[in-house]
>>> print(open('my_file_8.pdb').read())   # PDB, N, CA and C atoms
MODEL        1
ATOM      1  N   MET A  36       0.840  -1.181   0.000
ATOM      2  CA  MET A  36       0.000   0.000   0.000
ATOM      3  C   MET A  36       0.887   1.248   0.000
ATOM      4  N   PRO A  37       0.498   2.271  -0.735
ATOM      5  CA  PRO A  37       1.301   3.496  -0.784
ATOM      6  C   PRO A  37       1.349   4.225   0.560
ATOM      7  N   LYS A  38       2.455   4.880   0.771
ATOM      8  CA  LYS A  38       2.618   5.732   1.959
ATOM      9  C   LYS A  38       2.657   7.181   1.497
ATOM     10  N   TYR A  39       2.143   8.068   2.340
ATOM     11  CA  TYR A  39       2.104   9.487   2.026
ATOM     12  C   TYR A  39       2.589  10.278   3.231
ATOM     13  N   ALA A  40       3.496  11.209   2.966
ATOM     14  CA  ALA A  40       3.929  12.162   3.985
ATOM     15  C   ALA A  40       3.101  13.428   3.771
ATOM     16  N   VAL A  41       2.453  13.874   4.819
ATOM     17  CA  VAL A  41       1.600  15.056   4.748
ATOM     18  C   VAL A  41       2.149  16.093   5.714
ATOM     19  N   GLU A  42       2.429  17.270   5.179
ATOM     20  CA  GLU A  42       2.895  18.380   6.006
ATOM     21  C   GLU A  42       1.787  19.409   6.109
ATOM     22  N   TYR A  43       1.414  19.724   7.342
ATOM     23  CA  TYR A  43       0.459  20.787   7.607
ATOM     24  C   TYR A  43       1.211  22.016   8.087
ATOM     25  N   SER A  44       0.784  23.179   7.642
ATOM     26  CA  SER A  44       1.173  24.449   8.248
ATOM     27  C   SER A  44      -0.089  24.996   8.883
ATOM     28  N   TYR A  45       0.009  25.437  10.124
ATOM     29  CA  TYR A  45      -1.168  25.886  10.853
ATOM     30  C   TYR A  45      -1.346  27.399  10.757
ATOM     31  N   ILE A  46      -2.584  27.843  10.950
ATOM     32  CA  ILE A  46      -2.851  29.275  11.068
ATOM     33  C   ILE A  46      -2.251  29.753  12.385
ATOM     34  N   GLU A  47      -2.134  31.051  12.534
ATOM     35  CA  GLU A  47      -1.500  31.603  13.741
ATOM     36  C   GLU A  47      -2.434  31.657  14.945
ATOM     37  N   ASP A  48      -3.710  31.422  14.768
ATOM     38  CA  ASP A  48      -4.684  31.477  15.862
ATOM     39  C   ASP A  48      -4.588  30.191  16.695
ATOM     40  N   VAL A  49      -3.642  30.186  17.632
ATOM     41  CA  VAL A  49      -3.367  28.989  18.435
ATOM     42  C   VAL A  49      -4.573  28.577  19.279
ATOM     43  N   PRO A  50      -5.249  29.490  19.992
ATOM     44  CA  PRO A  50      -6.405  29.061  20.784
ATOM     45  C   PRO A  50      -7.490  28.375  19.935
ATOM     46  N   ARG A  51      -7.731  28.884  18.747
ATOM     47  CA  ARG A  51      -8.724  28.265  17.856
ATOM     48  C   ARG A  51      -8.298  26.845  17.482
ATOM     49  N   ARG A  52      -7.031  26.672  17.156
ATOM     50  CA  ARG A  52      -6.518  25.351  16.787
ATOM     51  C   ARG A  52      -6.554  24.398  17.969
ATOM     52  N   HIS A  53      -6.131  24.881  19.122
ATOM     53  CA  HIS A  53      -6.107  24.025  20.311
ATOM     54  C   HIS A  53      -7.512  23.604  20.739
ATOM     55  N   ALA A  54      -8.514  24.413  20.428
ATOM     56  CA  ALA A  54      -9.892  24.062  20.771
ATOM     57  C   ALA A  54     -10.358  22.808  20.030
ATOM     58  N   VAL A  55      -9.883  22.622  18.817
ATOM     59  CA  VAL A  55     -10.300  21.467  18.018
ATOM     60  C   VAL A  55      -9.264  20.328  18.049
ATOM     61  N   ARG A  56      -8.138  20.557  18.671
ATOM     62  CA  ARG A  56      -7.071  19.549  18.700
ATOM     63  C   ARG A  56      -7.521  18.192  19.250
ATOM     64  N   PRO A  57      -8.299  18.135  20.346
ATOM     65  CA  PRO A  57      -8.722  16.809  20.829
ATOM     66  C   PRO A  57      -9.528  16.023  19.787
ATOM     67  N   GLU A  58     -10.417  16.696  19.061
ATOM     68  CA  GLU A  58     -11.197  16.033  18.019
ATOM     69  C   GLU A  58     -10.294  15.573  16.869
ATOM     70  N   HIS A  59      -9.328  16.412  16.499
ATOM     71  CA  HIS A  59      -8.351  16.060  15.452
ATOM     72  C   HIS A  59      -7.558  14.825  15.865
ATOM     73  N   ARG A  60      -7.096  14.808  17.098
ATOM     74  CA  ARG A  60      -6.302  13.664  17.564
ATOM     75  C   ARG A  60      -7.138  12.397  17.677
ATOM     76  N   ASP A  61      -8.389  12.524  18.108
ATOM     77  CA  ASP A  61      -9.274  11.354  18.152
ATOM     78  C   ASP A  61      -9.479  10.783  16.754
ATOM     79  N   TYR A  62      -9.637  11.665  15.782
ATOM     80  CA  TYR A  62      -9.804  11.249  14.390
ATOM     81  C   TYR A  62      -8.570  10.476  13.929
ATOM     82  N   LEU A  63      -7.391  11.017  14.187
ATOM     83  CA  LEU A  63      -6.149  10.347  13.782
ATOM     84  C   LEU A  63      -5.953   9.039  14.543
ATOM     85  N   ARG A  64      -6.320   9.035  15.820
ATOM     86  CA  ARG A  64      -6.204   7.819  16.632
ATOM     87  C   ARG A  64      -7.067   6.695  16.039
ATOM     88  N   ALA A  65      -8.272   7.027  15.593
ATOM     89  CA  ALA A  65      -9.155   6.035  14.971
ATOM     90  C   ALA A  65      -8.528   5.507  13.684
ATOM     91  N   LEU A  66      -7.939   6.392  12.890
ATOM     92  CA  LEU A  66      -7.268   5.962  11.660
ATOM     93  C   LEU A  66      -6.048   5.103  11.973
ATOM     94  N   ALA A  67      -5.344   5.425  13.048
ATOM     95  CA  ALA A  67      -4.195   4.614  13.456
ATOM     96  C   ALA A  67      -4.662   3.209  13.834
ATOM     97  N   GLY A  68      -5.805   3.125  14.486
ATOM     98  CA  GLY A  68      -6.367   1.826  14.841
ATOM     99  C   GLY A  68      -6.708   0.979  13.622
ATOM    100  N   GLN A  69      -6.945   1.644  12.486
ATOM    101  CA  GLN A  69      -7.222   0.950  11.227
ATOM    102  C   GLN A  69      -5.937   0.692  10.431
ATOM    103  N   GLY A  70      -4.791   1.103  10.977
ATOM    104  CA  GLY A  70      -3.511   0.917  10.306
ATOM    105  C   GLY A  70      -3.216   1.963   9.244
ATOM    106  N   LYS A  71      -3.979   3.062   9.219
ATOM    107  CA  LYS A  71      -3.797   4.079   8.181
ATOM    108  C   LYS A  71      -2.857   5.202   8.595
ATOM    109  N   VAL A  72      -2.710   5.459   9.882
ATOM    110  CA  VAL A  72      -1.760   6.472  10.363
ATOM    111  C   VAL A  72      -0.562   5.726  10.943
ATOM    112  N   LEU A  73       0.608   5.981  10.368
ATOM    113  CA  LEU A  73       1.837   5.373  10.883
ATOM    114  C   LEU A  73       2.473   6.242  11.948
ATOM    115  N   ALA A  74       2.352   7.555  11.785
ATOM    116  CA  ALA A  74       2.894   8.504  12.755
ATOM    117  C   ALA A  74       2.252   9.861  12.496
ATOM    118  N   ALA A  75       2.128  10.651  13.549
ATOM    119  CA  ALA A  75       1.576  12.002  13.402
ATOM    120  C   ALA A  75       2.006  12.832  14.596
ATOM    121  N   GLY A  76       2.290  14.090  14.322
ATOM    122  CA  GLY A  76       2.637  14.985  15.415
ATOM    123  C   GLY A  76       3.005  16.364  14.919
ATOM    124  N   ALA A  77       2.880  17.315  15.829
ATOM    125  CA  ALA A  77       3.204  18.706  15.518
ATOM    126  C   ALA A  77       4.719  18.911  15.555
ATOM    127  N   TRP A  78       5.176  19.883  14.756
ATOM    128  CA  TRP A  78       6.576  20.304  14.854
ATOM    129  C   TRP A  78       6.793  20.878  16.246
ATOM    130  N   THR A  79       8.002  20.856  16.716
ATOM    131  CA  THR A  79       8.325  21.377  18.038
ATOM    132  C   THR A  79       7.889  22.830  18.189
ATOM    133  N   ALA A  80       7.980  23.610  17.124
ATOM    134  CA  ALA A  80       7.551  25.011  17.158
ATOM    135  C   ALA A  80       6.030  25.142  17.174
ATOM    136  N   ASP A  81       5.305  24.047  16.982
ATOM    137  CA  ASP A  81       3.837  24.006  16.983
ATOM    138  C   ASP A  81       3.227  24.927  15.926
ATOM    139  N   ASP A  82       3.925  25.054  14.788
ATOM    140  CA  ASP A  82       3.414  25.881  13.696
ATOM    141  C   ASP A  82       2.989  25.024  12.497
ATOM    142  N   GLY A  83       3.021  23.711  12.698
ATOM    143  CA  GLY A  83       2.653  22.766  11.661
ATOM    144  C   GLY A  83       2.942  21.370  12.157
ATOM    145  N   GLY A  84       2.808  20.406  11.280
ATOM    146  CA  GLY A  84       3.055  19.040  11.704
ATOM    147  C   GLY A  84       3.297  18.119  10.536
ATOM    148  N   LEU A  85       3.687  16.898  10.858
ATOM    149  CA  LEU A  85       3.943  15.853   9.879
ATOM    150  C   LEU A  85       3.072  14.659  10.224
ATOM    151  N   LEU A  86       2.420  14.128   9.202
ATOM    152  CA  LEU A  86       1.599  12.936   9.359
ATOM    153  C   LEU A  86       2.026  11.950   8.278
ATOM    154  N   VAL A  87       2.169  10.689   8.639
ATOM    155  CA  VAL A  87       2.534   9.667   7.665
ATOM    156  C   VAL A  87       1.399   8.651   7.618
ATOM    157  N   PHE A  88       0.851   8.491   6.418
ATOM    158  CA  PHE A  88      -0.287   7.612   6.206
ATOM    159  C   PHE A  88       0.083   6.449   5.301
ATOM    160  N   GLU A  89      -0.634   5.349   5.469
ATOM    161  CA  GLU A  89      -0.571   4.233   4.541
ATOM    162  C   GLU A  89      -2.014   3.932   4.150
ATOM    163  N   VAL A  90      -2.365   4.327   2.927
ATOM    164  CA  VAL A  90      -3.731   4.175   2.428
ATOM    165  C   VAL A  90      -3.688   3.589   1.016
ATOM    166  N   ASP A  91      -4.863   3.232   0.499
ATOM    167  CA  ASP A  91      -4.942   2.542  -0.791
ATOM    168  C   ASP A  91      -4.449   3.356  -1.976
ATOM    169  N   ASP A  92      -4.796   4.657  -1.992
ATOM    170  CA  ASP A  92      -4.464   5.465  -3.162
ATOM    171  C   ASP A  92      -4.652   6.951  -2.849
ATOM    172  N   GLU A  93      -4.380   7.792  -3.846
ATOM    173  CA  GLU A  93      -4.498   9.240  -3.665
ATOM    174  C   GLU A  93      -5.922   9.662  -3.321
ATOM    175  N   ALA A  94      -6.905   8.995  -3.895
ATOM    176  CA  ALA A  94      -8.306   9.343  -3.614
ATOM    177  C   ALA A  94      -8.628   9.123  -2.143
ATOM    178  N   GLU A  95      -8.167   8.006  -1.585
ATOM    179  CA  GLU A  95      -8.404   7.761  -0.165
ATOM    180  C   GLU A  95      -7.630   8.762   0.688
ATOM    181  N   MET A  96      -6.411   9.097   0.260
ATOM    182  CA  MET A  96      -5.625  10.074   1.001
ATOM    183  C   MET A  96      -6.372  11.396   1.064
ATOM    184  N   GLN A  97      -6.935  11.818  -0.056
ATOM    185  CA  GLN A  97      -7.681  13.077  -0.087
ATOM    186  C   GLN A  97      -8.926  13.008   0.796
ATOM    187  N   LYS A  98      -9.604  11.883   0.792
ATOM    188  CA  LYS A  98     -10.794  11.712   1.638
ATOM    189  C   LYS A  98     -10.418  11.826   3.121
ATOM    190  N   VAL A  99      -9.316  11.193   3.486
ATOM    191  CA  VAL A  99      -8.839  11.265   4.880
ATOM    192  C   VAL A  99      -8.582  12.723   5.269
ATOM    193  N   LEU A 100      -7.897  13.462   4.407
ATOM    194  CA  LEU A 100      -7.591  14.861   4.704
ATOM    195  C   LEU A 100      -8.855  15.711   4.735
ATOM    196  N   ASP A 101      -9.778  15.452   3.831
ATOM    197  CA  ASP A 101     -11.018  16.224   3.788
ATOM    198  C   ASP A 101     -11.864  16.027   5.042
ATOM    199  N   ASN A 102     -11.751  14.857   5.682
ATOM    200  CA  ASN A 102     -12.539  14.555   6.870
ATOM    201  C   ASN A 102     -11.855  14.932   8.180
ATOM    202  N   ASP A 103     -10.650  15.458   8.106
ATOM    203  CA  ASP A 103      -9.919  15.859   9.309
ATOM    204  C   ASP A 103     -10.644  17.046   9.963
ATOM    205  N   PRO A 104     -10.948  16.965  11.237
ATOM    206  CA  PRO A 104     -11.592  18.087  11.923
ATOM    207  C   PRO A 104     -10.814  19.398  11.812
ATOM    208  N   TYR A 105      -9.503  19.333  11.662
ATOM    209  CA  TYR A 105      -8.721  20.559  11.458
ATOM    210  C   TYR A 105      -9.150  21.265  10.169
ATOM    211  N   LYS A 106      -9.483  20.488   9.140
ATOM    212  CA  LYS A 106      -9.918  21.108   7.887
ATOM    213  C   LYS A 106     -11.253  21.810   8.082
ATOM    214  N   ALA A 107     -12.199  21.137   8.721
ATOM    215  CA  ALA A 107     -13.513  21.734   8.955
ATOM    216  C   ALA A 107     -13.409  23.009   9.789
ATOM    217  N   ALA A 108     -12.467  23.023  10.737
ATOM    218  CA  ALA A 108     -12.285  24.186  11.605
ATOM    219  C   ALA A 108     -11.443  25.281  10.948
ATOM    220  N   GLU A 109     -10.921  24.975   9.754
ATOM    221  CA  GLU A 109     -10.119  25.930   8.986
ATOM    222  C   GLU A 109      -8.896  26.440   9.755
ATOM    223  N   VAL A 110      -8.186  25.507  10.375
ATOM    224  CA  VAL A 110      -6.976  25.877  11.109
ATOM    225  C   VAL A 110      -5.697  25.461  10.374
ATOM    226  N   ILE A 111      -5.846  24.894   9.180
ATOM    227  CA  ILE A 111      -4.692  24.511   8.369
ATOM    228  C   ILE A 111      -4.480  25.593   7.313
ATOM    229  N   ALA A 112      -3.309  26.213   7.340
ATOM    230  CA  ALA A 112      -2.988  27.260   6.369
ATOM    231  C   ALA A 112      -2.597  26.649   5.022
ATOM    232  N   SER A 113      -1.864  25.534   5.069
ATOM    233  CA  SER A 113      -1.475  24.863   3.827
ATOM    234  C   SER A 113      -1.217  23.387   4.107
ATOM    235  N   THR A 114      -1.341  22.598   3.053
ATOM    236  CA  THR A 114      -1.123  21.161   3.129
ATOM    237  C   THR A 114      -0.251  20.745   1.958
ATOM    238  N   LYS A 115       0.765  19.963   2.252
ATOM    239  CA  LYS A 115       1.615  19.400   1.199
ATOM    240  C   LYS A 115       1.575  17.883   1.340
ATOM    241  N   VAL A 116       1.159  17.215   0.281
ATOM    242  CA  VAL A 116       1.066  15.754   0.281
ATOM    243  C   VAL A 116       2.102  15.216  -0.696
ATOM    244  N   THR A 117       2.917  14.282  -0.207
ATOM    245  CA  THR A 117       3.950  13.682  -1.040
ATOM    246  C   THR A 117       3.867  12.167  -0.937
ATOM    247  N   ALA A 118       3.709  11.502  -2.086
ATOM    248  CA  ALA A 118       3.788  10.043  -2.091
ATOM    249  C   ALA A 118       5.216   9.671  -1.699
ATOM    250  N   TRP A 119       5.347   8.631  -0.896
ATOM    251  CA  TRP A 119       6.652   8.320  -0.320
ATOM    252  C   TRP A 119       6.895   6.825  -0.407
ATOM    253  N   THR A 120       8.106   6.465  -0.802
ATOM    254  CA  THR A 120       8.506   5.067  -0.878
ATOM    255  C   THR A 120       9.745   4.867  -0.008
ATOM    256  N   PRO A 121       9.548   4.552   1.272
ATOM    257  CA  PRO A 121      10.713   4.312   2.120
ATOM    258  C   PRO A 121      11.438   3.035   1.691
ATOM    259  N   VAL A 122      12.747   3.040   1.835
ATOM    260  CA  VAL A 122      13.523   1.863   1.460
ATOM    261  C   VAL A 122      14.185   1.177   2.666
ATOM    262  N   LEU A 123      14.192   1.855   3.791
ATOM    263  CA  LEU A 123      14.751   1.317   5.016
ATOM    264  C   LEU A 123      13.855   1.667   6.190
ATOM    265  N   GLY A 124      13.801   0.813   7.184
ATOM    266  CA  GLY A 124      13.087   1.163   8.400
ATOM    267  C   GLY A 124      12.050   0.125   8.823
ATOM    268  N   VAL A 125      11.496   0.372   9.993
ATOM    269  CA  VAL A 125      10.572  -0.584  10.609
ATOM    270  C   VAL A 125       9.201  -0.616   9.943
ATOM    271  N   TRP A 126       8.875   0.372   9.118
ATOM    272  CA  TRP A 126       7.561   0.411   8.464
ATOM    273  C   TRP A 126       7.509  -0.446   7.217
ATOM    274  N   LEU A 127       8.607  -1.034   6.844
ATOM    275  CA  LEU A 127       8.620  -1.828   5.617
ATOM    276  C   LEU A 127       8.049  -3.212   5.862
ATOM    277  N   ASP A 128       7.356  -3.736   4.879
ATOM    278  CA  ASP A 128       6.748  -5.076   4.977
ATOM    279  C   ASP A 128       7.802  -6.154   4.941
TER     280      ASP A 128
ENDMDL
END
>>> encode(input="my_file_8.pdb", output="structure tokens")
Amino acid sequence: MPKYAVEYSYIEDVPRRHAVRPEHRDYLRALAGQGKVLAAGAWTADDGGLLVFEVDDEAEMQKVLDNDPYKAAEVIASTKVTAWTPVLGVWLD
């Protein structure tokens, strides 16, 4: 299954983002339980984050991003999605 690295840049309104963060994390936690989230977390500066997904295809990747509570709350300033093929590491089959 393809892997995707997703980089979020957040808006500067930290209280607004933090208000929806528990719902965002619950959403990602549910996806992790399905094996779709390999890792996720904010940058140390808390101005964005990195999420690594393993999903069927680009269409599913887009659906996952579209359903993220952060998107509905409009706290993501930009999103960069990159298909990724790791060659080393514990995530390899």
>>> residues_around(input="my_file_8.pdb", residues="segment 39-54 of chain A", least_positions_apart="6", cutoff="8 Å", atoms="all atoms listed in the file", output="list of chain:residue names")
A:Asp81, A:Asp82, A:Gly83, A:Gly84, A:Leu85, A:Leu86, A:Val87, A:Phe88, A:Glu89, A:Val90, A:Met96, A:Tyr105, A:Ala108, A:Glu109, A:Val110, A:Ile111, A:Ala112, A:Ser113, A:Thr114, A:Lys115, A:Val116, A:Thr117, A:Ala118, A:Trp119, A:Thr120
>>> closest_residue(input="my_file_8.pdb", among="A:Arg64, A:Lys98, A:Lys106, A:Lys71", to="Lys38 of chain A", atoms="only C-alpha atoms")
A:Lys71
>>> resolve_selection(input="my_file_8.pdb", expression="the PyMOL selection byres (((chain A and resi 60-62 and name CA) around 12) and name CA)", output="ChimeraX atom specification")
/A:52-59,63-69,71-72,74-77,86,99-106
>>> select_by_dssp(input="my_file_8.pdb", residues="chain A", states="strand (DSSP E)", output="PyMOL selection string")
chain A and resi 38-45+72-77+83-89+111-119
>>> axis_aligned_box(input="my_file_8.pdb", around="segment 99-102 of chain A", padding_each_side="5 Å", output="AutoDock Vina command-line options")
--center_x -10.1 --center_y 13.7 --center_z 5.8 --size_x 14.9 --size_y 15.0 --size_z 14.7
>>> select_by_dssp(input="my_file_8.pdb", residues="segment 45-125 of chain A", states="helix (DSSP H, G or I)", output="JSON, numbers by chain")
{"A": [49, 50, 51, 52, 53, 54, 55, 56, 57, 58, 59, 60, 61, 62, 63, 64, 65, 66, 67, 68, 93, 94, 95, 96, 97, 98, 99, 100, 101, 104, 105, 106, 107]}
>>> atom_distance(input="my_file_8.pdb", atom1="atom N of Pro121 of chain A", atom2="atom N of Leu73 of chain A")
12.8 Å
>>> atom_distance(input="my_file_8.pdb", atom1="atom N of Trp78 of chain A", atom2="atom C of Asp91 of chain A")
25.4 Å
>>> atom_distance(input="my_file_8.pdb", atom1="atom CA of Asp92 of chain A", atom2="atom N of Pro37 of chain A")
6.4 Å
>>> build_atoms(input="my_file_8.pdb", residues="segment 75-92 of chain A", atoms="N, CA, C and O atoms", output="mmCIF file, keeping the file's coordinate frame")
data_model
loop_
_atom_site.group_PDB
_atom_site.id
_atom_site.type_symbol
_atom_site.label_atom_id
_atom_site.label_comp_id
_atom_site.auth_asym_id
_atom_site.auth_seq_id
_atom_site.Cartn_x
_atom_site.Cartn_y
_atom_site.Cartn_z
ATOM 1 N N ALA A 75 2.128 10.651 13.549
ATOM 2 C CA ALA A 75 1.576 12.002 13.402
ATOM 3 C C ALA A 75 2.006 12.832 14.596
ATOM 4 O O ALA A 75 2.066 12.339 15.716
ATOM 5 N N GLY A 76 2.290 14.090 14.322
ATOM 6 C CA GLY A 76 2.637 14.985 15.415
ATOM 7 C C GLY A 76 3.005 16.364 14.919
ATOM 8 O O GLY A 76 3.354 16.543 13.747
ATOM 9 N N ALA A 77 2.880 17.315 15.829
ATOM 10 C CA ALA A 77 3.204 18.706 15.518
ATOM 11 C C ALA A 77 4.719 18.911 15.555
ATOM 12 O O ALA A 77 5.443 18.209 16.269
ATOM 13 N N TRP A 78 5.176 19.883 14.756
ATOM 14 C CA TRP A 78 6.576 20.304 14.854
ATOM 15 C C TRP A 78 6.793 20.878 16.246
ATOM 16 O O TRP A 78 5.857 21.353 16.892
ATOM 17 N N THR A 79 8.002 20.856 16.716
ATOM 18 C CA THR A 79 8.325 21.377 18.038
ATOM 19 C C THR A 79 7.889 22.830 18.189
ATOM 20 O O THR A 79 7.426 23.237 19.252
ATOM 21 N N ALA A 80 7.980 23.610 17.124
ATOM 22 C CA ALA A 80 7.551 25.011 17.158
ATOM 23 C C ALA A 80 6.030 25.142 17.174
ATOM 24 O O ALA A 80 5.508 26.247 17.352
ATOM 25 N N ASP A 81 5.305 24.047 16.982
ATOM 26 C CA ASP A 81 3.837 24.006 16.983
ATOM 27 C C ASP A 81 3.227 24.927 15.926
ATOM 28 O O ASP A 81 2.163 25.487 16.112
ATOM 29 N N ASP A 82 3.925 25.054 14.788
ATOM 30 C CA ASP A 82 3.414 25.881 13.696
ATOM 31 C C ASP A 82 2.989 25.024 12.497
ATOM 32 O O ASP A 82 2.632 25.528 11.443
ATOM 33 N N GLY A 83 3.021 23.711 12.698
ATOM 34 C CA GLY A 83 2.653 22.766 11.661
ATOM 35 C C GLY A 83 2.942 21.370 12.157
ATOM 36 O O GLY A 83 3.276 21.180 13.336
ATOM 37 N N GLY A 84 2.808 20.406 11.280
ATOM 38 C CA GLY A 84 3.055 19.040 11.704
ATOM 39 C C GLY A 84 3.297 18.119 10.536
ATOM 40 O O GLY A 84 3.123 18.492 9.371
ATOM 41 N N LEU A 85 3.687 16.898 10.858
ATOM 42 C CA LEU A 85 3.943 15.853 9.879
ATOM 43 C C LEU A 85 3.072 14.659 10.224
ATOM 44 O O LEU A 85 2.993 14.246 11.385
ATOM 45 N N LEU A 86 2.420 14.128 9.202
ATOM 46 C CA LEU A 86 1.599 12.936 9.359
ATOM 47 C C LEU A 86 2.026 11.950 8.278
ATOM 48 O O LEU A 86 2.245 12.351 7.137
ATOM 49 N N VAL A 87 2.169 10.689 8.639
ATOM 50 C CA VAL A 87 2.534 9.667 7.665
ATOM 51 C C VAL A 87 1.399 8.651 7.618
ATOM 52 O O VAL A 87 1.026 8.078 8.644
ATOM 53 N N PHE A 88 0.851 8.491 6.418
ATOM 54 C CA PHE A 88 -0.287 7.612 6.206
ATOM 55 C C PHE A 88 0.083 6.449 5.301
ATOM 56 O O PHE A 88 0.957 6.574 4.441
ATOM 57 N N GLU A 89 -0.634 5.349 5.469
ATOM 58 C CA GLU A 89 -0.571 4.233 4.541
ATOM 59 C C GLU A 89 -2.014 3.932 4.150
ATOM 60 O O GLU A 89 -2.791 3.415 4.961
ATOM 61 N N VAL A 90 -2.365 4.327 2.927
ATOM 62 C CA VAL A 90 -3.731 4.175 2.428
ATOM 63 C C VAL A 90 -3.688 3.589 1.016
ATOM 64 O O VAL A 90 -2.628 3.500 0.406
ATOM 65 N N ASP A 91 -4.863 3.232 0.499
ATOM 66 C CA ASP A 91 -4.942 2.542 -0.791
ATOM 67 C C ASP A 91 -4.449 3.356 -1.976
ATOM 68 O O ASP A 91 -3.797 2.831 -2.867
ATOM 69 N N ASP A 92 -4.796 4.657 -1.992
ATOM 70 C CA ASP A 92 -4.464 5.465 -3.162
ATOM 71 C C ASP A 92 -4.652 6.951 -2.849
ATOM 72 O O ASP A 92 -5.037 7.320 -1.732
#
